[in-house]
file run-v2.pdb (PDB, C-alpha atoms)
MODEL        1
ATOM      1  CA  MET M   1     -15.890   0.542  32.845
ATOM      2  CA  ASN M   2     -19.117   2.122  34.044
ATOM      3  CA  THR M   3     -20.508   5.518  33.121
ATOM      4  CA  SER M   4     -19.392   7.061  36.404
ATOM      5  CA  ASP M   5     -15.756   6.018  35.861
ATOM      6  CA  ASN M   6     -15.892   7.286  32.285
ATOM      7  CA  HIS M   7     -17.187  10.635  33.524
ATOM      8  CA  THR M   8     -14.334  10.826  36.057
ATOM      9  CA  ILE M   9     -11.740  10.280  33.337
ATOM     10  CA  LYS M  10     -13.373  12.899  31.125
ATOM     11  CA  GLN M  11     -13.171  15.339  34.032
ATOM     12  CA  ALA M  12      -9.508  14.498  34.702
ATOM     13  CA  LEU M  13      -8.701  15.114  31.039
ATOM     14  CA  ASN M  14     -10.932  18.214  30.974
ATOM     15  CA  GLU M  15     -12.881  16.824  28.019
ATOM     16  CA  LYS M  16     -15.931  18.906  27.182
ATOM     17  CA  GLU M  17     -18.950  18.202  25.016
ATOM     18  CA  GLY M  18     -20.255  19.806  21.819
ATOM     19  CA  PHE M  19     -17.747  21.198  19.336
ATOM     20  CA  GLN M  20     -14.897  20.169  21.646
ATOM     21  CA  ILE M  21     -15.531  16.501  20.755
ATOM     22  CA  TRP M  22     -14.616  17.111  17.122
ATOM     23  CA  TRP M  23     -11.793  19.485  18.004
ATOM     24  CA  ARG M  24     -10.181  16.803  20.190
ATOM     25  CA  LEU M  25     -10.475  14.327  17.333
ATOM     26  CA  LEU M  26      -8.049  16.504  15.344
ATOM     27  CA  ARG M  27      -5.546  16.277  18.239
ATOM     28  CA  PRO M  28      -4.710  19.979  17.882
ATOM     29  CA  HIS M  29      -1.476  19.708  19.908
ATOM     30  CA  THR M  30      -0.025  17.623  17.044
ATOM     31  CA  LEU M  31      -1.000  20.047  14.268
ATOM     32  CA  THR M  32       2.160  22.079  14.842
ATOM     33  CA  ALA M  33       3.878  19.156  13.083
ATOM     34  CA  SER M  34       2.072  20.195   9.887
ATOM     35  CA  PHE M  35       2.094  23.992  10.303
ATOM     36  CA  VAL M  36       5.778  24.468  11.158
ATOM     37  CA  PRO M  37       7.310  22.703   8.103
ATOM     38  CA  VAL M  38       5.129  24.610   5.634
ATOM     39  CA  PHE M  39       5.891  27.906   7.353
ATOM     40  CA  VAL M  40       9.647  27.314   7.558
ATOM     41  CA  GLY M  41       9.934  25.992   3.994
ATOM     42  CA  SER M  42       7.899  28.874   2.621
ATOM     43  CA  MET M  43       9.825  31.531   4.549
ATOM     44  CA  PHE M  44      13.147  30.024   3.457
ATOM     45  CA  ALA M  45      11.914  30.346  -0.116
ATOM     46  CA  PHE M  46      10.927  33.958   0.578
ATOM     47  CA  THR M  47      14.513  34.801   1.561
ATOM     48  CA  GLU M  48      15.661  33.774  -1.921
ATOM     49  CA  ASP M  49      12.713  34.875  -4.054
ATOM     50  CA  THR M  50      10.458  37.674  -2.847
ATOM     51  CA  ASN M  51       7.959  36.877  -5.637
ATOM     52  CA  PHE M  52       5.940  34.963  -3.052
ATOM     53  CA  HIS M  53       2.754  33.088  -4.039
ATOM     54  CA  LEU M  54       0.406  33.616  -1.107
ATOM     55  CA  LEU M  55      -2.387  31.365  -2.409
ATOM     56  CA  LEU M  56       0.062  28.502  -2.907
ATOM     57  CA  PHE M  57       1.275  28.978   0.654
ATOM     58  CA  PHE M  58      -2.236  28.776   2.120
ATOM     59  CA  ALA M  59      -3.174  25.822  -0.111
ATOM     60  CA  MET M  60      -0.060  23.946   1.010
ATOM     61  CA  LEU M  61      -0.670  24.821   4.645
ATOM     62  CA  LEU M  62      -4.295  23.673   4.581
ATOM     63  CA  ALA M  63      -3.470  20.472   2.672
ATOM     64  CA  SER M  64      -0.717  19.595   5.138
ATOM     65  CA  MET M  65      -2.945  20.170   8.145
ATOM     66  CA  LEU M  66      -5.770  18.151   6.595
ATOM     67  CA  ILE M  67      -3.433  15.219   5.989
ATOM     68  CA  GLN M  68      -2.149  15.455   9.569
ATOM     69  CA  SER M  69      -5.716  15.579  10.917
ATOM     70  CA  ALA M  70      -6.771  12.629   8.759
ATOM     71  CA  THR M  71      -3.755  10.660  10.002
ATOM     72  CA  ASN M  72      -4.860  11.358  13.579
ATOM     73  CA  MET M  73      -8.352  10.116  12.726
ATOM     74  CA  PHE M  74      -7.003   6.939  11.130
ATOM     75  CA  ASN M  75      -5.003   6.479  14.340
ATOM     76  CA  GLU M  76      -8.179   6.858  16.403
ATOM     77  CA  TYR M  77     -10.121   4.467  14.194
ATOM     78  CA  TYR M  78      -7.566   1.668  13.789
ATOM     79  CA  ASP M  79      -6.422   1.702  17.412
ATOM     80  CA  PHE M  80     -10.080   1.263  18.387
ATOM     81  CA  VAL M  81     -10.622  -1.524  15.859
ATOM     82  CA  ARG M  82      -7.538  -3.343  17.162
ATOM     83  CA  GLY M  83      -8.743  -2.926  20.737
ATOM     84  CA  LEU M  84      -5.817  -0.696  21.774
ATOM     85  CA  ASP M  85      -7.921   2.301  22.834
ATOM     86  CA  THR M  86     -10.212   2.032  25.858
ATOM     87  CA  GLU M  87     -12.208   4.520  27.922
ATOM     88  CA  GLU M  88      -9.125   4.902  30.138
ATOM     89  CA  SER M  89      -6.765   5.778  27.271
ATOM     90  CA  VAL M  90      -5.218   9.247  27.388
ATOM     91  CA  GLY M  91      -3.563  11.141  24.566
ATOM     92  CA  ILE M  92      -6.370  10.287  22.155
ATOM     93  CA  GLY M  93      -9.399  12.272  21.069
ATOM     94  CA  GLY M  94     -11.641   9.801  22.895
ATOM     95  CA  THR M  95     -14.283  10.486  20.276
ATOM     96  CA  ILE M  96     -15.103   6.805  19.829
ATOM     97  CA  VAL M  97     -14.399   5.239  23.225
ATOM     98  CA  ARG M  98     -15.690   8.050  25.469
ATOM     99  CA  ASP M  99     -17.966  10.224  23.363
ATOM    100  CA  GLY M 100     -19.832   7.485  21.521
ATOM    101  CA  ILE M 101     -19.144   8.688  17.965
ATOM    102  CA  GLN M 102     -19.470   5.810  15.501
ATOM    103  CA  PRO M 103     -16.121   4.470  14.203
ATOM    104  CA  LYS M 104     -17.450   4.618  10.636
ATOM    105  CA  THR M 105     -18.091   8.356  11.086
ATOM    106  CA  VAL M 106     -14.473   8.927  12.110
ATOM    107  CA  LEU M 107     -13.189   6.894   9.147
ATOM    108  CA  THR M 108     -15.480   8.752   6.720
ATOM    109  CA  LEU M 109     -14.301  12.102   8.051
ATOM    110  CA  ALA M 110     -10.654  11.053   7.641
ATOM    111  CA  LEU M 111     -11.267  10.037   4.023
ATOM    112  CA  THR M 112     -13.112  13.326   3.411
ATOM    113  CA  PHE M 113     -10.128  15.295   4.698
ATOM    114  CA  PHE M 114      -7.882  13.271   2.373
ATOM    115  CA  GLY M 115     -10.230  14.089  -0.513
ATOM    116  CA  ILE M 116     -10.082  17.826   0.163
ATOM    117  CA  ALA M 117      -6.283  17.615   0.456
ATOM    118  CA  ILE M 118      -6.168  15.935  -2.964
ATOM    119  CA  LEU M 119      -8.182  18.784  -4.519
ATOM    120  CA  LEU M 120      -5.795  21.305  -2.993
ATOM    121  CA  GLY M 121      -2.928  19.185  -4.292
ATOM    122  CA  VAL M 122      -4.305  19.419  -7.827
ATOM    123  CA  TYR M 123      -4.258  23.218  -7.590
ATOM    124  CA  ILE M 124      -0.693  23.145  -6.218
ATOM    125  CA  CYS M 125       0.419  20.868  -9.068
ATOM    126  CA  ILE M 126      -1.195  23.077 -11.718
ATOM    127  CA  GLU M 127       0.719  26.055 -10.329
ATOM    128  CA  SER M 128       4.035  24.226  -9.877
ATOM    129  CA  SER M 129       4.762  20.657 -11.014
ATOM    130  CA  TRP M 130       2.849  17.378 -11.307
ATOM    131  CA  TRP M 131       5.744  15.633  -9.585
ATOM    132  CA  ILE M 132       4.260  17.091  -6.415
ATOM    133  CA  ALA M 133       1.220  14.841  -6.952
ATOM    134  CA  LEU M 134       3.344  11.711  -6.708
ATOM    135  CA  ILE M 135       5.126  12.922  -3.588
ATOM    136  CA  GLY M 136       1.837  14.012  -2.032
ATOM    137  CA  LEU M 137       0.217  10.631  -2.679
ATOM    138  CA  VAL M 138       3.187   8.877  -1.069
ATOM    139  CA  CYS M 139       2.826  11.117   1.999
ATOM    140  CA  MET M 140      -0.888  10.333   2.192
ATOM    141  CA  LEU M 141      -0.190   6.614   1.819
ATOM    142  CA  PHE M 142       2.241   6.679   4.718
ATOM    143  CA  GLY M 143      -0.254   8.775   6.690
ATOM    144  CA  TYR M 144      -2.675   5.868   6.331
ATOM    145  CA  LEU M 145      -0.035   3.180   6.924
ATOM    146  CA  TYR M 146       1.118   4.901  10.121
ATOM    147  CA  THR M 147      -1.655   3.088  11.996
ATOM    148  CA  GLY M 148      -3.445   1.238   9.173
ATOM    149  CA  GLY M 149      -2.433  -1.761   7.090
ATOM    150  CA  PRO M 150      -1.054  -5.148   8.158
ATOM    151  CA  LEU M 151       2.054  -3.714   9.887
ATOM    152  CA  PRO M 152       1.407  -0.165  11.137
ATOM    153  CA  ILE M 153       4.528   2.001  11.212
ATOM    154  CA  ALA M 154       3.490   3.357  14.619
ATOM    155  CA  TYR M 155       3.907  -0.140  16.078
ATOM    156  CA  THR M 156       7.574  -0.345  15.008
ATOM    157  CA  PRO M 157      10.765   1.518  16.042
ATOM    158  CA  PHE M 158      10.513   3.596  12.852
ATOM    159  CA  GLY M 159       7.546   5.822  13.720
ATOM    160  CA  GLU M 160       9.699   8.797  14.700
ATOM    161  CA  LEU M 161      11.901   8.410  11.605
ATOM    162  CA  PHE M 162       9.015   8.263   9.135
ATOM    163  CA  SER M 163       7.029  11.081  10.750
ATOM    164  CA  GLY M 164      10.089  13.321  11.034
ATOM    165  CA  PHE M 165      11.234  12.728   7.465
ATOM    166  CA  LEU M 166       7.817  12.960   5.780
ATOM    167  CA  MET M 167       6.324  15.777   7.871
ATOM    168  CA  GLY M 168       9.627  17.597   8.255
ATOM    169  CA  THR M 169      12.054  17.230   5.373
ATOM    170  CA  VAL M 170       9.549  16.333   2.627
ATOM    171  CA  ILE M 171       6.958  18.976   3.520
ATOM    172  CA  ILE M 172       9.615  21.679   3.884
ATOM    173  CA  GLY M 173      11.048  20.625   0.529
ATOM    174  CA  ILE M 174       7.648  20.766  -1.200
ATOM    175  CA  SER M 175       6.808  24.127   0.411
ATOM    176  CA  TYR M 176      10.123  25.521  -0.834
ATOM    177  CA  PHE M 177       9.837  23.981  -4.295
ATOM    178  CA  ILE M 178       6.351  25.276  -5.131
ATOM    179  CA  GLN M 179       7.590  28.809  -4.447
ATOM    180  CA  THR M 180      10.981  28.627  -6.205
ATOM    181  CA  ASN M 181      10.662  25.665  -8.617
ATOM    182  CA  ALA M 182      13.939  24.341  -7.237
ATOM    183  CA  ILE M 183      15.453  22.307  -4.393
ATOM    184  CA  THR M 184      18.767  23.245  -2.791
ATOM    185  CA  ALA M 185      21.087  21.547  -0.333
ATOM    186  CA  GLU M 186      20.529  24.424   2.079
ATOM    187  CA  VAL M 187      16.800  23.834   2.416
ATOM    188  CA  ILE M 188      17.431  20.134   3.078
ATOM    189  CA  TRP M 189      19.909  21.010   5.826
ATOM    190  CA  VAL M 190      17.451  23.458   7.387
ATOM    191  CA  SER M 191      14.744  20.791   7.379
ATOM    192  CA  ILE M 192      16.704  18.443   9.639
ATOM    193  CA  PRO M 193      16.181  20.270  12.986
ATOM    194  CA  VAL M 194      12.478  20.619  12.189
ATOM    195  CA  ALA M 195      12.296  16.899  11.380
ATOM    196  CA  LEU M 196      13.990  16.129  14.706
ATOM    197  CA  PHE M 197      11.430  18.209  16.593
ATOM    198  CA  ILE M 198       8.579  16.392  14.839
ATOM    199  CA  GLY M 199      10.185  13.066  15.692
ATOM    200  CA  ALA M 200      10.391  14.331  19.292
ATOM    201  CA  ILE M 201       6.612  14.844  19.345
ATOM    202  CA  MET M 202       6.098  11.227  18.321
ATOM    203  CA  LEU M 203       8.720  10.000  20.801
ATOM    204  CA  SER M 204       7.116  11.883  23.690
ATOM    205  CA  ASN M 205       3.785  10.349  22.710
ATOM    206  CA  ASN M 206       5.369   6.876  22.824
ATOM    207  CA  ILE M 207       7.051   7.579  26.173
ATOM    208  CA  ARG M 208       3.656   8.441  27.632
ATOM    209  CA  ASP M 209       1.988   5.357  26.115
ATOM    210  CA  LEU M 210       4.873   2.958  26.802
ATOM    211  CA  ASP M 211       3.120   0.602  29.229
ATOM    212  CA  GLY M 212      -0.070   0.249  27.205
ATOM    213  CA  ASP M 213       1.821  -0.101  23.925
ATOM    214  CA  LYS M 214       4.042  -2.798  25.419
ATOM    215  CA  LYS M 215       1.021  -4.838  26.531
ATOM    216  CA  ASN M 216      -0.390  -4.639  23.013
ATOM    217  CA  GLY M 217       2.763  -5.863  21.314
ATOM    218  CA  ARG M 218       4.173  -2.622  19.936
ATOM    219  CA  LYS M 219       7.935  -2.271  19.479
ATOM    220  CA  THR M 220       8.493   1.480  19.655
ATOM    221  CA  ILE M 221      11.844   3.062  20.479
ATOM    222  CA  ALA M 222      10.525   3.950  23.939
ATOM    223  CA  ILE M 223       9.719   0.283  24.602
ATOM    224  CA  LEU M 224      13.022  -1.008  23.234
ATOM    225  CA  VAL M 225      15.235   1.320  25.293
ATOM    226  CA  GLY M 226      12.984   1.849  28.327
ATOM    227  CA  ARG M 227      11.366   5.015  29.650
ATOM    228  CA  LYS M 228      14.435   6.561  31.309
ATOM    229  CA  ASN M 229      16.624   6.065  28.257
ATOM    230  CA  ALA M 230      13.826   7.239  25.965
ATOM    231  CA  ILE M 231      13.709  10.522  27.885
ATOM    232  CA  LYS M 232      17.470  10.811  27.337
ATOM    233  CA  VAL M 233      16.941  10.184  23.603
ATOM    234  CA  LEU M 234      14.289  12.910  23.617
ATOM    235  CA  ALA M 235      16.733  15.314  25.267
ATOM    236  CA  GLY M 236      19.315  14.299  22.668
ATOM    237  CA  LEU M 237      16.930  15.195  19.827
ATOM    238  CA  PHE M 238      16.429  18.646  21.341
ATOM    239  CA  ILE M 239      20.166  19.187  21.820
ATOM    240  CA  LEU M 240      21.017  18.060  18.288
ATOM    241  CA  SER M 241      18.351  20.358  16.842
ATOM    242  CA  PHE M 242      19.799  23.416  18.556
ATOM    243  CA  VAL M 243      23.412  22.417  17.762
ATOM    244  CA  LEU M 244      22.524  22.108  14.064
ATOM    245  CA  THR M 245      20.718  25.450  14.162
ATOM    246  CA  ALA M 246      23.808  27.088  15.661
ATOM    247  CA  ALA M 247      26.003  25.457  13.004
ATOM    248  CA  TYR M 248      23.744  26.754  10.225
ATOM    249  CA  ILE M 249      23.903  30.288  11.634
ATOM    250  CA  ILE M 250      27.706  30.138  11.865
ATOM    251  CA  THR M 251      28.037  28.847   8.292
ATOM    252  CA  GLY M 252      25.541  31.354   6.905
ATOM    253  CA  ILE M 253      22.841  28.865   5.915
ATOM    254  CA  LEU M 254      20.554  30.594   8.406
ATOM    255  CA  PRO M 255      20.640  34.335   9.174
ATOM    256  CA  LEU M 256      21.825  35.748  12.489
ATOM    257  CA  TRP M 257      18.184  36.529  13.224
ATOM    258  CA  SER M 258      17.613  32.790  13.702
ATOM    259  CA  LEU M 259      19.198  33.103  17.138
ATOM    260  CA  ILE M 260      15.696  33.962  18.362
ATOM    261  CA  SER M 261      14.714  30.303  17.833
ATOM    262  CA  PHE M 262      16.914  29.439  20.829
ATOM    263  CA  LEU M 263      14.197  30.846  23.064
ATOM    264  CA  ALA M 264      12.587  27.413  22.624
ATOM    265  CA  ILE M 265      15.340  25.928  24.809
ATOM    266  CA  VAL M 266      13.411  26.999  27.910
ATOM    267  CA  LYS M 267      10.375  24.965  26.870
ATOM    268  CA  ALA M 268      12.593  22.016  25.861
ATOM    269  CA  PHE M 269      14.024  21.903  29.396
ATOM    270  CA  ASP M 270      10.452  22.033  30.691
ATOM    271  CA  VAL M 271       9.536  18.949  28.629
ATOM    272  CA  ILE M 272      12.321  16.832  30.141
ATOM    273  CA  LYS M 273      11.536  18.074  33.651
ATOM    274  CA  LYS M 274       7.861  17.192  33.246
ATOM    275  CA  PHE M 275       8.698  13.654  32.089
ATOM    276  CA  GLN M 276      11.198  12.814  34.823
ATOM    277  CA  GLY M 277       9.839  10.642  37.607
ATOM    278  CA  LYS M 278       6.427  10.186  35.952
ATOM    279  CA  THR M 279       5.031   6.725  35.232
ATOM    280  CA  MET M 280       1.281   7.246  34.709
ATOM    281  CA  PRO M 281       0.082   8.375  31.261
ATOM    282  CA  ILE M 282      -2.161  11.091  32.662
ATOM    283  CA  GLU M 283       0.823  12.485  34.645
ATOM    284  CA  MET M 284       2.801  12.799  31.426
ATOM    285  CA  MET M 285       0.138  14.712  29.473
ATOM    286  CA  PRO M 286       1.691  18.109  30.408
ATOM    287  CA  ALA M 287       5.053  16.903  29.062
ATOM    288  CA  MET M 288       3.417  15.768  25.833
ATOM    289  CA  ALA M 289       1.708  19.151  25.412
ATOM    290  CA  ALA M 290       4.971  20.945  26.196
ATOM    291  CA  THR M 291       6.738  18.988  23.426
ATOM    292  CA  GLY M 292       4.237  20.294  20.886
ATOM    293  CA  LYS M 293       4.728  23.823  22.230
ATOM    294  CA  THR M 294       8.509  23.474  21.942
ATOM    295  CA  ASN M 295       8.105  22.556  18.285
ATOM    296  CA  SER M 296       5.710  25.477  17.792
ATOM    297  CA  ILE M 297       7.996  28.033  19.429
ATOM    298  CA  TYR M 298      11.102  26.841  17.589
ATOM    299  CA  GLY M 299       9.412  26.583  14.193
ATOM    300  CA  LEU M 300       7.502  29.844  14.480
ATOM    301  CA  LEU M 301      10.568  31.809  15.589
ATOM    302  CA  LEU M 302      12.755  30.191  12.927
ATOM    303  CA  GLY M 303      10.215  31.094  10.250
ATOM    304  CA  ILE M 304       9.905  34.635  11.593
ATOM    305  CA  SER M 305      13.696  35.015  11.556
ATOM    306  CA  LEU M 306      13.704  34.055   7.874
ATOM    307  CA  LEU M 307      10.883  36.512   7.178
ATOM    308  CA  ILE M 308      12.787  39.308   8.920
ATOM    309  CA  ASP M 309      15.912  38.489   6.914
ATOM    310  CA  ALA M 310      13.906  38.650   3.686
ATOM    311  CA  VAL M 311      12.291  42.012   4.281
ATOM    312  CA  ILE M 312      15.218  43.866   5.870
TER     313      ILE M 312
ENDMDL
END
call {"tool": "encode", "arguments": {"input": "run-v2.pdb", "output": "structure tokens"}}
result
Amino acid sequence: MNTSDNHTIKQALNEKEGFQIWWRLLRPHTLTASFVPVFVGSMFAFTEDTNFHLLLFFAMLLASMLIQSATNMFNEYYDFVRGLDTEESVGIGGTIVRDGIQPKTVLTLALTFFGIAILLGVYICIESSWWIALIGLVCMLFGYLYTGGPLPIAYTPFGELFSGFLMGTVIIGISYFIQTNAITAEVIWVSIPVALFIGAIMLSNNIRDLDGDKKNGRKTIAILVGRKNAIKVLAGLFILSFVLTAAYIITGILPLWSLISFLAIVKAFDVIKKFQGKTMPIEMMPAMAATGKTNSIYGLLLGISLLIDAVI
């Protein structure tokens, strides 16, 4: 592709220069997958123990977001190395293929973020339990293996499962544990809708990239069931998340205040509407962004409902 075509794609994607290059590398629309679990897990802990450790909360939040950002960078690096990303690829930072940043620089930055997350993890362990170190290292390993290693998880039908479980259930569990020094069945139940929303982010990403992924030999859920059925699966994840939330409110696991999280239904409908009838990756970018926003709205409102319940 020539420079003129590259410039046209950058314009279509509204990619700007300067600081924006590095900001795109983080894939900010995916960072809700790291913020929401920490917030929800921490607020659930706050409802049971108002002796809240603010520094632990911020350390956990920053560590989680650094690991998510590093995972995105590994994705950028390894997809480039394997020849999957080109100047026409959408849904990526484009830092390597369009902005000319050296692949080694991206890899070094990812490893640096992992290093900082490890230092934060040491502080968290000192204040809570060293078992957290083992769990954290496993999460970081899978963050690397998501697109790195001989058989990247992202190339299999299990990408949504691993991302949802590790970024949802595990991170919520850790966030709760470091505040209360305990794990309960209730916090595990509450983590499931959040995990489903995180899996939905990954599924929407794979729906958008279906054609390119299929050409490169990936076997994602979207490829196995086809785009139309994958959109139905996405809708099913949204529905199940809200049904579980309603069940938790009825059974008292979540407070009545958590009804405000149902405001995210509007954005969930918007996601499905934006996907329907679209076949080009660039046409599906709004749907992908809307999926991240749905997760943000649901998670933020759920966390706020728990905060309200704790202080009232």
call {"tool": "residues_around", "arguments": {"input": "run-v2.pdb", "residues": "Leu55 (chain M)", "least_positions_apart": "5", "cutoff": "12 Å", "atoms": "all atoms listed in the file", "output": "PyMOL selection string"}}
result
chain M and resi 42+60-62+120+123-124+127+178-179
call {"tool": "resolve_selection", "arguments": {"input": "run-v2.pdb", "expression": "the PyMOL selection byres ((chain M and resi 214) around 12)", "output": "JSON, numbers by chain"}}
result
{"M": [84, 155, 156, 206, 207, 208, 209, 210, 211, 212, 213, 215, 216, 217, 218, 219, 220, 221, 222, 223, 224, 225, 226, 227]}
call {"tool": "atom_distance", "arguments": {"input": "run-v2.pdb", "atom1": "CA of Ala264 (chain M)", "atom2": "CA of Ser305 (chain M)"}}
result
13.5 Å
call {"tool": "atom_distance", "arguments": {"input": "run-v2.pdb", "atom1": "CA of Ala290 (chain M)", "atom2": "CA of Leu31 (chain M)"}}
result
13.4 Å
call {"tool": "resolve_selection", "arguments": {"input": "run-v2.pdb", "expression": "the PyMOL selection byres ((chain M and resi 249) around 12)", "output": "list in words"}}
result
Glu186, Trp189, Val190, Phe242, Val243, Leu244, Thr245, Ala246, Ala247, Tyr248, Ile250, Thr251, Gly252, Ile253, Leu254, Pro255, Leu256, Trp257, Ser258, Leu259, Ile260, Ser261, Phe262, Leu302, Ser305 and Leu306 of chain M
call {"tool": "write_last_selection", "arguments": {"input": "run-v2.pdb", "atoms": "C-alpha atoms", "output": "short mmCIF file (atom, residue, chain, number, x, y, z; two decimals), keeping the file's coordinate frame"}}
result
data_model
loop_
_atom_site.label_atom_id
_atom_site.label_comp_id
_atom_site.auth_asym_id
_atom_site.auth_seq_id
_atom_site.Cartn_x
_atom_site.Cartn_y
_atom_site.Cartn_z
CA GLU M 186 20.53 24.42 2.08
CA TRP M 189 19.91 21.01 5.83
CA VAL M 190 17.45 23.46 7.39
CA PHE M 242 19.80 23.42 18.56
CA VAL M 243 23.41 22.42 17.76
CA LEU M 244 22.52 22.11 14.06
CA THR M 245 20.72 25.45 14.16
CA ALA M 246 23.81 27.09 15.66
CA ALA M 247 26.00 25.46 13.00
CA TYR M 248 23.74 26.75 10.22
CA ILE M 250 27.71 30.14 11.86
CA THR M 251 28.04 28.85 8.29
CA GLY M 252 25.54 31.35 6.90
CA ILE M 253 22.84 28.86 5.92
CA LEU M 254 20.55 30.59 8.41
CA PRO M 255 20.64 34.34 9.17
CA LEU M 256 21.82 35.75 12.49
CA TRP M 257 18.18 36.53 13.22
CA SER M 258 17.61 32.79 13.70
CA LEU M 259 19.20 33.10 17.14
CA ILE M 260 15.70 33.96 18.36
CA SER M 261 14.71 30.30 17.83
CA PHE M 262 16.91 29.44 20.83
CA LEU M 302 12.76 30.19 12.93
CA SER M 305 13.70 35.02 11.56
CA LEU M 306 13.70 34.06 7.87
#
call {"tool": "residues_around", "arguments": {"input": "run-v2.pdb", "residues": "Asp49 (chain M)", "least_positions_apart": "4", "cutoff": "9 Å", "atoms": "only C-alpha atoms", "output": "number ranges by chain"}}
result
M: 44-45, 179-180, 310
call {"tool": "resolve_selection", "arguments": {"input": "run-v2.pdb", "expression": "the PyMOL selection byres ((chain M and resi 196) around 12)", "output": "ChimeraX atom specification"}}
result
/M:33,37,160-169,189-195,197-203,233-245,291,294-295,298-299
call {"tool": "closest_residue", "arguments": {"input": "run-v2.pdb", "among": "M:Lys274, M:Phe39, M:Ile67, M:Ile188", "to": "Leu54 (chain M)", "atoms": "all atoms listed in the file"}}
result
M:Phe39
call {"tool": "closest_residue", "arguments": {"input": "run-v2.pdb", "among": "M:Phe46, M:Phe158, M:Phe142, M:Phe114", "to": "Tyr176 (chain M)", "atoms": "only C-alpha atoms"}}
result
M:Phe46
call {"tool": "atom_distance", "arguments": {"input": "run-v2.pdb", "atom1": "CA of Tyr77 (chain M)", "atom2": "CA of Thr112 (chain M)"}}
result
14.3 Å
call {"tool": "closest_residue", "arguments": {"input": "run-v2.pdb", "among": "M:Phe80, M:Ile304, M:Leu56, M:Trp130", "to": "Arg98 (chain M)", "atoms": "only C-alpha atoms"}}
result
M:Phe80
call {"tool": "closest_residue", "arguments": {"input": "run-v2.pdb", "among": "M:Met284, M:Leu307, M:Ala63, M:Leu301", "to": "Val38 (chain M)", "atoms": "all atoms listed in the file"}}
result
M:Ala63
call {"tool": "closest_residue", "arguments": {"input": "run-v2.pdb", "among": "M:Gly83, M:Gly41, M:Gly136, M:Pro103", "to": "Leu300 (chain M)", "atoms": "only C-alpha atoms"}}
result
M:Gly41
call {"tool": "residues_around", "arguments": {"input": "run-v2.pdb", "residues": "Val122 (chain M)", "least_positions_apart": "4", "cutoff": "8 Å", "atoms": "all atoms listed in the file", "output": "ChimeraX atom specification"}}
result
/M:118,126,133
call {"tool": "closest_residue", "arguments": {"input": "run-v2.pdb", "among": "M:Thr95, M:Thr184, M:Ser69, M:Thr32", "to": "Glu48 (chain M)", "atoms": "only C-alpha atoms"}}
result
M:Thr184
